[in-house]
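Comments concern the structure below.
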Amino acid sequence: MDREEFDLALLEAGFTLAAEKGWHRFSLVEAAHRAGLAVDEVRARFAFRHTLLLRLGRLADESAFRDDGLGGSVRERIFDLFMRRFDVFQQYREGIRAVLQALPTEPGLAVILGAATLDTMRWMADLGGIDRSGFGGAMRLNALVGVWGFALRAWEKDESPDLSQTMAALDQALDKAERYGALKPSPDRLMEEATRNTGIADHSLELET
């Protein structure tokens, strides 16, 4: 079993136990036994239960950030990036819901997840092409965190098989963010769009001639 298979097996066991017992009521030893993994190896890779959440976040980020020709407007990019994360979260849905239910009574967990989310949103903003320069950039980053939080709360309650309620909530939040200038394109993104549009125009002229 390679490292990725090891991690996926432990994530599956850990979040299944969280769904069954609650986030506070299971241990990594139990998760190791459930997954059929050696406890010493689990201890070496996952020192704390919270490490499961950080590993899941990285897994979701890896899915979202894969380089497969992500295109479109800033809004379209952000929508796609967020939904890619939710696609991964959906595989561990009930366990993640147990985590979200535990947040109000576990401040340390909230701090860890808040820091991890902020870091992810920085990557999201840069990959999506949002201008993060100056004070306005900091405000736009905070707005993006708010968009994610709004969509996450919708996802938590969304029982639809196609996540239609989550997508509708995300659309709503992005509408508001766009109206307030929170999706302002970065200079690099503007240049990329200008170059692409110029290329399209040149191609059209060639076809006409």
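By convention in this document, the chains of the structure tokens carry letters A, B, ... by their order, each chain's residues are numbered from 1, and ligands are numbered from 1 in the order they are shown.
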
Find the nearest atom pair between each residue of range 28-98 of chain A and range 116-121 of chain A for residues within 9 Å, count only C-alpha atoms, give distances in Å to one decimal, sort rows by chain and ascending number, and present the table as a tab-separated table.
```
residue	atom	partner	partner_atom	distance
A:Leu54	CA	A:Ala116	CA	7.3
A:Gly57	CA	A:Ala116	CA	7.8
A:Arg58	CA	A:Thr120	CA	8.8
A:Asp61	CA	A:Thr120	CA	7.3
```

(request) Write out as a PyMOL selection string the residues lying within 12 Å of Met1 in chain A, counting only C-alpha atoms and excluding same-chain residues fewer than 5 positions away. (result) chain A and resi 6-9+36-38+41

Dump as a CSV table (one decimal), in the first residue's frame, selection limited to N, CA, C and O atoms:
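Result file follows (selection.csv):
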```
chain,number,residue,atom,x,y,z
A,6,PHE,N,-2.8,4.6,1.7
A,6,PHE,CA,-2.8,4.6,3.2
A,6,PHE,C,-3.7,5.7,3.7
A,6,PHE,O,-4.5,5.5,4.6
A,7,ASP,N,-3.4,6.9,3.2
A,7,ASP,CA,-4.1,8.1,3.7
A,7,ASP,C,-5.6,8.0,3.4
A,7,ASP,O,-6.5,8.3,4.2
A,8,LEU,N,-6.0,7.5,2.2
A,8,LEU,CA,-7.4,7.4,1.8
A,8,LEU,C,-8.1,6.4,2.7
A,8,LEU,O,-9.3,6.6,3.0
A,9,ALA,N,-7.4,5.3,3.0
A,9,ALA,CA,-8.0,4.3,3.8
A,9,ALA,C,-8.3,4.9,5.2
A,9,ALA,O,-9.4,4.6,5.8
A,36,GLY,N,-7.7,-1.3,9.1
A,36,GLY,CA,-6.8,-2.4,9.0
A,36,GLY,C,-5.4,-1.9,8.8
A,36,GLY,O,-4.6,-2.6,8.1
A,37,LEU,N,-5.0,-0.8,9.4
A,37,LEU,CA,-3.7,-0.2,9.3
A,37,LEU,C,-2.9,-0.3,10.6
A,37,LEU,O,-3.5,-0.4,11.7
A,38,ALA,N,-1.6,-0.4,10.5
A,38,ALA,CA,-0.7,-0.5,11.6
A,38,ALA,C,-0.8,0.8,12.4
A,38,ALA,O,-0.6,1.9,11.9
A,41,GLU,N,2.2,3.2,12.2
A,41,GLU,CA,2.3,3.9,10.9
A,41,GLU,C,1.3,5.1,10.9
A,41,GLU,O,1.6,6.1,10.4
```

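Across A:Trp148, A:Leu163, A:Leu28, A:Arg3, the tightest approach to Asp40 in chain A is made by A:Leu28 when counting only C-alpha atoms.
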
(request) Could you give me, as a PyMOL selection string, each residue of range 24-138 of chain A that DSSP assigns to helix (DSSP H, G or I) when run on this structure's backbone? (result) chain A and resi 24-25+28-35+39-45+50-64+74-90+93-105+107-128+134-138

(message) Using only C-alpha atoms for the distances, tell me which of A:Asn142, A:Ser186, A:Ser27, A:Ser133 is nearest to His50 in chain A.
(response) A:Ser27

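The residue set within 12 Å of Ala64 in chain A, counting only C-alpha atoms and dropping same-chain residues fewer than 5 places from it, reads A:Gly57, A:Arg58, A:Leu59, A:Gly69, A:Leu70, A:Arg77, A:Ile78, A:Phe79, A:Asp80, A:Leu81, A:Phe82, A:Met83, A:Arg84, A:Arg85, A:Phe86, A:Asp87, A:Val88, A:Phe89, A:Thr120, A:Met121, A:Trp123, A:Met124, A:Leu127, A:Gly128.
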
Take the residues from that selection and put them in a file with N, CA and C atoms, as a PDB file, in the first residue's frame.
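Full text of again-v4.pdb as output:
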```pdb
ATOM      1  N   GLY A  57      -8.402  18.421   3.454  1.00  0.00           N
ATOM      2  CA  GLY A  57      -8.337  19.721   2.792  1.00  0.00           C
ATOM      3  C   GLY A  57      -7.325  19.723   1.662  1.00  0.00           C
ATOM      4  N   ARG A  58      -6.167  19.105   1.896  1.00  0.00           N
ATOM      5  CA  ARG A  58      -5.159  19.020   0.846  1.00  0.00           C
ATOM      6  C   ARG A  58      -5.655  18.171  -0.320  1.00  0.00           C
ATOM      7  N   LEU A  59      -6.367  17.106  -0.006  1.00  0.00           N
ATOM      8  CA  LEU A  59      -6.917  16.242  -1.049  1.00  0.00           C
ATOM      9  C   LEU A  59      -7.911  17.020  -1.910  1.00  0.00           C
ATOM     10  N   GLY A  69      -6.690  22.907 -17.970  1.00  0.00           N
ATOM     11  CA  GLY A  69      -7.208  23.927 -18.868  1.00  0.00           C
ATOM     12  C   GLY A  69      -8.322  24.758 -18.292  1.00  0.00           C
ATOM     13  N   LEU A  70      -8.280  25.030 -16.997  1.00  0.00           N
ATOM     14  CA  LEU A  70      -9.287  25.864 -16.350  1.00  0.00           C
ATOM     15  C   LEU A  70      -9.372  27.210 -17.068  1.00  0.00           C
ATOM     16  N   ARG A  77     -14.305  30.592 -13.045  1.00  0.00           N
ATOM     17  CA  ARG A  77     -13.190  29.843 -12.470  1.00  0.00           C
ATOM     18  C   ARG A  77     -13.433  29.539 -10.994  1.00  0.00           C
ATOM     19  N   ILE A  78     -13.852  30.557 -10.251  1.00  0.00           N
ATOM     20  CA  ILE A  78     -14.084  30.366  -8.817  1.00  0.00           C
ATOM     21  C   ILE A  78     -15.206  29.354  -8.597  1.00  0.00           C
ATOM     22  N   PHE A  79     -16.257  29.456  -9.383  1.00  0.00           N
ATOM     23  CA  PHE A  79     -17.360  28.498  -9.265  1.00  0.00           C
ATOM     24  C   PHE A  79     -16.839  27.077  -9.480  1.00  0.00           C
ATOM     25  N   ASP A  80     -16.053  26.884 -10.515  1.00  0.00           N
ATOM     26  CA  ASP A  80     -15.521  25.562 -10.838  1.00  0.00           C
ATOM     27  C   ASP A  80     -14.598  25.053  -9.732  1.00  0.00           C
ATOM     28  N   LEU A  81     -13.725  25.912  -9.238  1.00  0.00           N
ATOM     29  CA  LEU A  81     -12.800  25.523  -8.174  1.00  0.00           C
ATOM     30  C   LEU A  81     -13.540  25.098  -6.913  1.00  0.00           C
ATOM     31  N   PHE A  82     -14.559  25.860  -6.535  1.00  0.00           N
ATOM     32  CA  PHE A  82     -15.320  25.537  -5.330  1.00  0.00           C
ATOM     33  C   PHE A  82     -16.070  24.215  -5.492  1.00  0.00           C
ATOM     34  N   MET A  83     -16.686  24.016  -6.643  1.00  0.00           N
ATOM     35  CA  MET A  83     -17.458  22.793  -6.833  1.00  0.00           C
ATOM     36  C   MET A  83     -16.552  21.566  -6.893  1.00  0.00           C
ATOM     37  N   ARG A  84     -15.343  21.725  -7.366  1.00  0.00           N
ATOM     38  CA  ARG A  84     -14.400  20.607  -7.342  1.00  0.00           C
ATOM     39  C   ARG A  84     -14.103  20.201  -5.900  1.00  0.00           C
ATOM     40  N   ARG A  85     -13.981  21.177  -5.022  1.00  0.00           N
ATOM     41  CA  ARG A  85     -13.751  20.860  -3.604  1.00  0.00           C
ATOM     42  C   ARG A  85     -14.960  20.129  -3.026  1.00  0.00           C
ATOM     43  N   PHE A  86     -16.158  20.619  -3.349  1.00  0.00           N
ATOM     44  CA  PHE A  86     -17.354  19.975  -2.821  1.00  0.00           C
ATOM     45  C   PHE A  86     -17.499  18.548  -3.342  1.00  0.00           C
ATOM     46  N   ASP A  87     -17.049  18.289  -4.554  1.00  0.00           N
ATOM     47  CA  ASP A  87     -17.096  16.928  -5.088  1.00  0.00           C
ATOM     48  C   ASP A  87     -16.282  15.973  -4.211  1.00  0.00           C
ATOM     49  N   VAL A  88     -15.143  16.441  -3.714  1.00  0.00           N
ATOM     50  CA  VAL A  88     -14.331  15.617  -2.812  1.00  0.00           C
ATOM     51  C   VAL A  88     -15.010  15.516  -1.448  1.00  0.00           C
ATOM     52  N   PHE A  89     -15.499  16.633  -0.941  1.00  0.00           N
ATOM     53  CA  PHE A  89     -16.174  16.623   0.359  1.00  0.00           C
ATOM     54  C   PHE A  89     -17.360  15.660   0.357  1.00  0.00           C
ATOM     55  N   THR A 120      -6.222  28.147   1.758  1.00  0.00           N
ATOM     56  CA  THR A 120      -6.807  27.625   0.526  1.00  0.00           C
ATOM     57  C   THR A 120      -7.406  28.739  -0.317  1.00  0.00           C
ATOM     58  N   MET A 121      -8.078  29.699   0.340  1.00  0.00           N
ATOM     59  CA  MET A 121      -8.708  30.781  -0.404  1.00  0.00           C
ATOM     60  C   MET A 121      -7.675  31.674  -1.089  1.00  0.00           C
ATOM     61  N   TRP A 123      -4.931  30.561  -2.473  1.00  0.00           N
ATOM     62  CA  TRP A 123      -4.644  29.812  -3.693  1.00  0.00           C
ATOM     63  C   TRP A 123      -5.804  29.913  -4.677  1.00  0.00           C
ATOM     64  N   MET A 124      -7.023  29.807  -4.147  1.00  0.00           N
ATOM     65  CA  MET A 124      -8.209  29.924  -4.998  1.00  0.00           C
ATOM     66  C   MET A 124      -8.241  31.274  -5.707  1.00  0.00           C
ATOM     67  N   LEU A 127      -5.463  31.444  -8.406  1.00  0.00           N
ATOM     68  CA  LEU A 127      -5.751  30.592  -9.552  1.00  0.00           C
ATOM     69  C   LEU A 127      -6.982  31.086 -10.309  1.00  0.00           C
ATOM     70  N   GLY A 128      -7.932  31.646  -9.580  1.00  0.00           N
ATOM     71  CA  GLY A 128      -9.118  32.185 -10.215  1.00  0.00           C
ATOM     72  C   GLY A 128      -8.885  33.508 -10.913  1.00  0.00           C
TER      73      GLY A 128
END
```

(request) Can you pull out every residue within 8 Å of Phe15 in chain A, counting only C-alpha atoms, but drop anything in the same chain fewer than 3 positions away, and send it as a ChimeraX atom specification? (result) /A:11-12,18-19,92,94-96

Could the residues of range 121-165 of chain A that have an atom at most 9 Å from range 188-197 of chain A be listed as JSON lines, each with its closest atom pair and the distance in Å to one decimal, counting only C-alpha atoms and ordered by chain and ascending residue number?
```
{"residue": "A:Gly128", "atom": "CA", "partner": "A:Arg189", "partner_atom": "CA", "distance": 8.6}
{"residue": "A:Gly129", "atom": "CA", "partner": "A:Arg189", "partner_atom": "CA", "distance": 5.3}
{"residue": "A:Ile130", "atom": "CA", "partner": "A:Arg189", "partner_atom": "CA", "distance": 7.7}
{"residue": "A:Asp131", "atom": "CA", "partner": "A:Arg189", "partner_atom": "CA", "distance": 8.5}
```

Residues from last step as file, all heavy atoms, as a short mmCIF file (atom, residue, chain, number, x, y, z; two decimals), in the first residue's frame:
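Writing done, so here's again.cif:
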```cif
data_model
loop_
_atom_site.label_atom_id
_atom_site.label_comp_id
_atom_site.auth_asym_id
_atom_site.auth_seq_id
_atom_site.Cartn_x
_atom_site.Cartn_y
_atom_site.Cartn_z
N GLY A 128 -7.93 31.65 -9.58
CA GLY A 128 -9.12 32.19 -10.21
C GLY A 128 -8.89 33.51 -10.91
O GLY A 128 -9.69 33.93 -11.74
N GLY A 129 -7.78 34.18 -10.58
CA GLY A 129 -7.44 35.43 -11.23
C GLY A 129 -7.96 36.67 -10.53
O GLY A 129 -8.15 37.71 -11.15
N ILE A 130 -8.20 36.59 -9.22
CA ILE A 130 -8.68 37.74 -8.45
C ILE A 130 -7.50 38.62 -8.05
O ILE A 130 -6.44 38.13 -7.66
CB ILE A 130 -9.43 37.27 -7.19
CG1 ILE A 130 -10.73 36.56 -7.59
CG2 ILE A 130 -9.75 38.44 -6.27
CD1 ILE A 130 -11.50 35.98 -6.42
N ASP A 131 -7.69 39.93 -8.14
CA ASP A 131 -6.65 40.89 -7.75
C ASP A 131 -6.53 40.91 -6.23
O ASP A 131 -7.47 41.29 -5.53
CB ASP A 131 -7.04 42.28 -8.27
CG ASP A 131 -5.96 43.32 -7.99
OD1 ASP A 131 -4.90 42.96 -7.42
OD2 ASP A 131 -6.19 44.50 -8.34
#
```

Just want the 8 Å neighbourhood of Gln165 in chain A, counted on only C-alpha atoms, with same-chain residues fewer than 4 positions away dropped. Output as a PDB file with C-alpha atoms, in the first residue's frame.
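Ended up saving to part-v7.pdb:
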```
ATOM      1  CA  ALA A 154     -25.747  25.260   1.928  1.00  0.00           C
ATOM      2  CA  TRP A 155     -23.803  22.088   1.139  1.00  0.00           C
ATOM      3  CA  ASP A 158     -28.102  19.897   0.593  1.00  0.00           C
ATOM      4  CA  SER A 160     -29.965  16.715  -3.658  1.00  0.00           C
ATOM      5  CA  ALA A 169     -26.240  29.154  -3.101  1.00  0.00           C
TER       6      ALA A 169
END
```

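Across the structure, CA of Ala138 in chain A and CA of Leu183 in chain A are spaced 12.0 Å apart.
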
(request) Name all residues at most 10 Å from Asp171 in chain A (count only C-alpha atoms; drop same-chain ones fewer than 2 positions away) and give them as a ChimeraX atom specification. (result) /A:75-76,79,147,151,165-169,173-177

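Picture a line from CA of Ala182 in chain A to CA of Ala125 in chain A; it runs 10.2 Å.
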
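Using only C-alpha atoms, the nearest neighbour of Glu106 in chain A within the list A:Gly14, A:Gly137, A:His24, A:Glu159 is A:His24.
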
(message) Which residues are close to Arg34 in chain A, i.e. within 7 Å by only C-alpha atoms, leaving aside same-chain residues fewer than 3 positions away? Reply as a count of residues only.
(response) 3

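For the residues A:Leu144, A:Ala44, A:Leu100, A:Glu62, ranking by smallest atom-to-atom distance to Lys157 in chain A using only C-alpha atoms places A:Leu100 first.
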